[in-house]
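Participant: For reference, the structure I am asking about is given below.
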Amino acid sequence: MDHLMAPLLAAKARRRRELAALPIEEKLKIVLELQRNVAEIRRSAGRPGPEPWDPSCIQGLVRLP
Amino acid sequence: MVEEGILEAYAIGGAMAAVFYVEPVATFDLDVFVLLPAAERDQVIVTLERQSQWLARRGYPAAGEHVMIESVPVQLLPAYNPLVTEAVAASADRPLGRARARVCRPEHLMAILVQTGRSKDRARLQMFLEEAEFDRTLLEELIDRHGLRERWLAWTT
């Protein structure tokens, strides 16, 4: 089993390091996307939580779509 | 706030600070460690009343334990021990788009995770160890100087 899992885990670790190396402006966009996903999951589960940040909060810092 | 003497110093901490060094994580608030002016810091009961009023006058109202700044819930946390105080003092400006953000160094964030000691802190420490660039000598020195060696060993060996 280990010989099957090892390459998958190595690939995941490599992807995490790539994400860690992104410019902070790109990471902020991902944080906002994660917030939207988490909030949507919480709402669908009937357990609403904190609202995602308004994308305009980082508009001065990063170029949003 | 620093220029007007409302704060002595500040630095972003917590999960948002971690995002500067490791993969992005889902976080909904922005923790800011603050050093209050000496006269307020040395009081028996430390409050953030003057800071909250200053922010409210500028259109940033308090919402529970947070202050809403451009839709971002910001939590001002007075530096609550020598390690956090040192983290603020040693923080550095980092470029953020067209602006700059004052952020705690990764070594201090890692030591604070060890000190705080929750399971989510342990998980985040692992992220730092695997993904972040940091000065191991400085980290080891912080771990020793702030009496964190036992938990550090328990978490990393």
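Labeling convention for the structure tokens: chains A, B, ... as they appear, residues from 1 per chain, ligands from 1 in order of appearance.
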Using only C-alpha atoms, which residues of chain B come within 12 Å of chain A, and what is the closest atom pair for each, with the distance in Å to one decimal? Give it as a tab-separated table, sorted by chain and residue number.
Facilitator:
```
residue	atom	partner	partner_atom	distance
B:Ala15	CA	A:Val31	CA	10.6
B:Met16	CA	A:Leu28	CA	9.1
B:Ala17	CA	A:Ile24	CA	10.4
B:Ala18	CA	A:Ala20	CA	9.8
B:Val19	CA	A:Lys27	CA	7.1
B:Phe20	CA	A:Ile24	CA	5.9
B:Tyr21	CA	A:Ala20	CA	6.2
B:Val22	CA	A:Ala20	CA	4.2
B:Glu23	CA	A:Ala20	CA	4.0
B:Pro24	CA	A:Lys27	CA	5.6
B:Val25	CA	A:Val31	CA	6.0
B:Ala26	CA	A:Leu34	CA	5.3
B:Thr27	CA	A:Gln35	CA	6.9
B:Phe28	CA	A:Pro50	CA	6.7
B:Asp29	CA	A:Pro50	CA	8.9
B:Leu30	CA	A:Trp53	CA	10.8
B:His66	CA	A:Pro50	CA	12.0
B:Met68	CA	A:Trp53	CA	10.3
B:Ile69	CA	A:Cys57	CA	8.5
B:Glu70	CA	A:Cys57	CA	5.5
B:Ser71	CA	A:Trp53	CA	5.6
B:Val72	CA	A:Trp53	CA	5.7
B:Pro73	CA	A:Trp53	CA	8.4
B:Val74	CA	A:Trp53	CA	11.3
B:Arg94	CA	A:Ile24	CA	9.6
B:Pro95	CA	A:Ile24	CA	8.5
B:Leu96	CA	A:Leu61	CA	6.5
B:Gly97	CA	A:Leu61	CA	4.3
B:Arg98	CA	A:Leu61	CA	5.6
B:Ala99	CA	A:Leu61	CA	6.8
B:Arg100	CA	A:Leu61	CA	9.5
B:Ala101	CA	A:Ile24	CA	10.7
B:Gln126	CA	A:Ala13	CA	11.6
B:Met127	CA	A:Arg16	CA	8.8
B:Phe128	CA	A:Ala20	CA	9.4
B:Leu129	CA	A:Arg17	CA	10.7
B:Glu130	CA	A:Arg17	CA	7.6
B:Glu131	CA	A:Arg17	CA	5.1
B:Ala132	CA	A:Ala20	CA	7.1
B:Glu133	CA	A:Ala21	CA	9.5
```
Participant: Apply DSSP to the structure's backbone, then extract all residues of region 28-58 of chain A labelled helix (DSSP H, G or I) and return them as an MDAnalysis selection string.
Facilitator: chainID A and resid 28:44 55:58
Participant: Pick from B:Val2, B:Val46, B:Gly13, B:Val34: nearest to Pro106 (chain B), with only C-alpha atoms counted?
Facilitator: B:Gly13
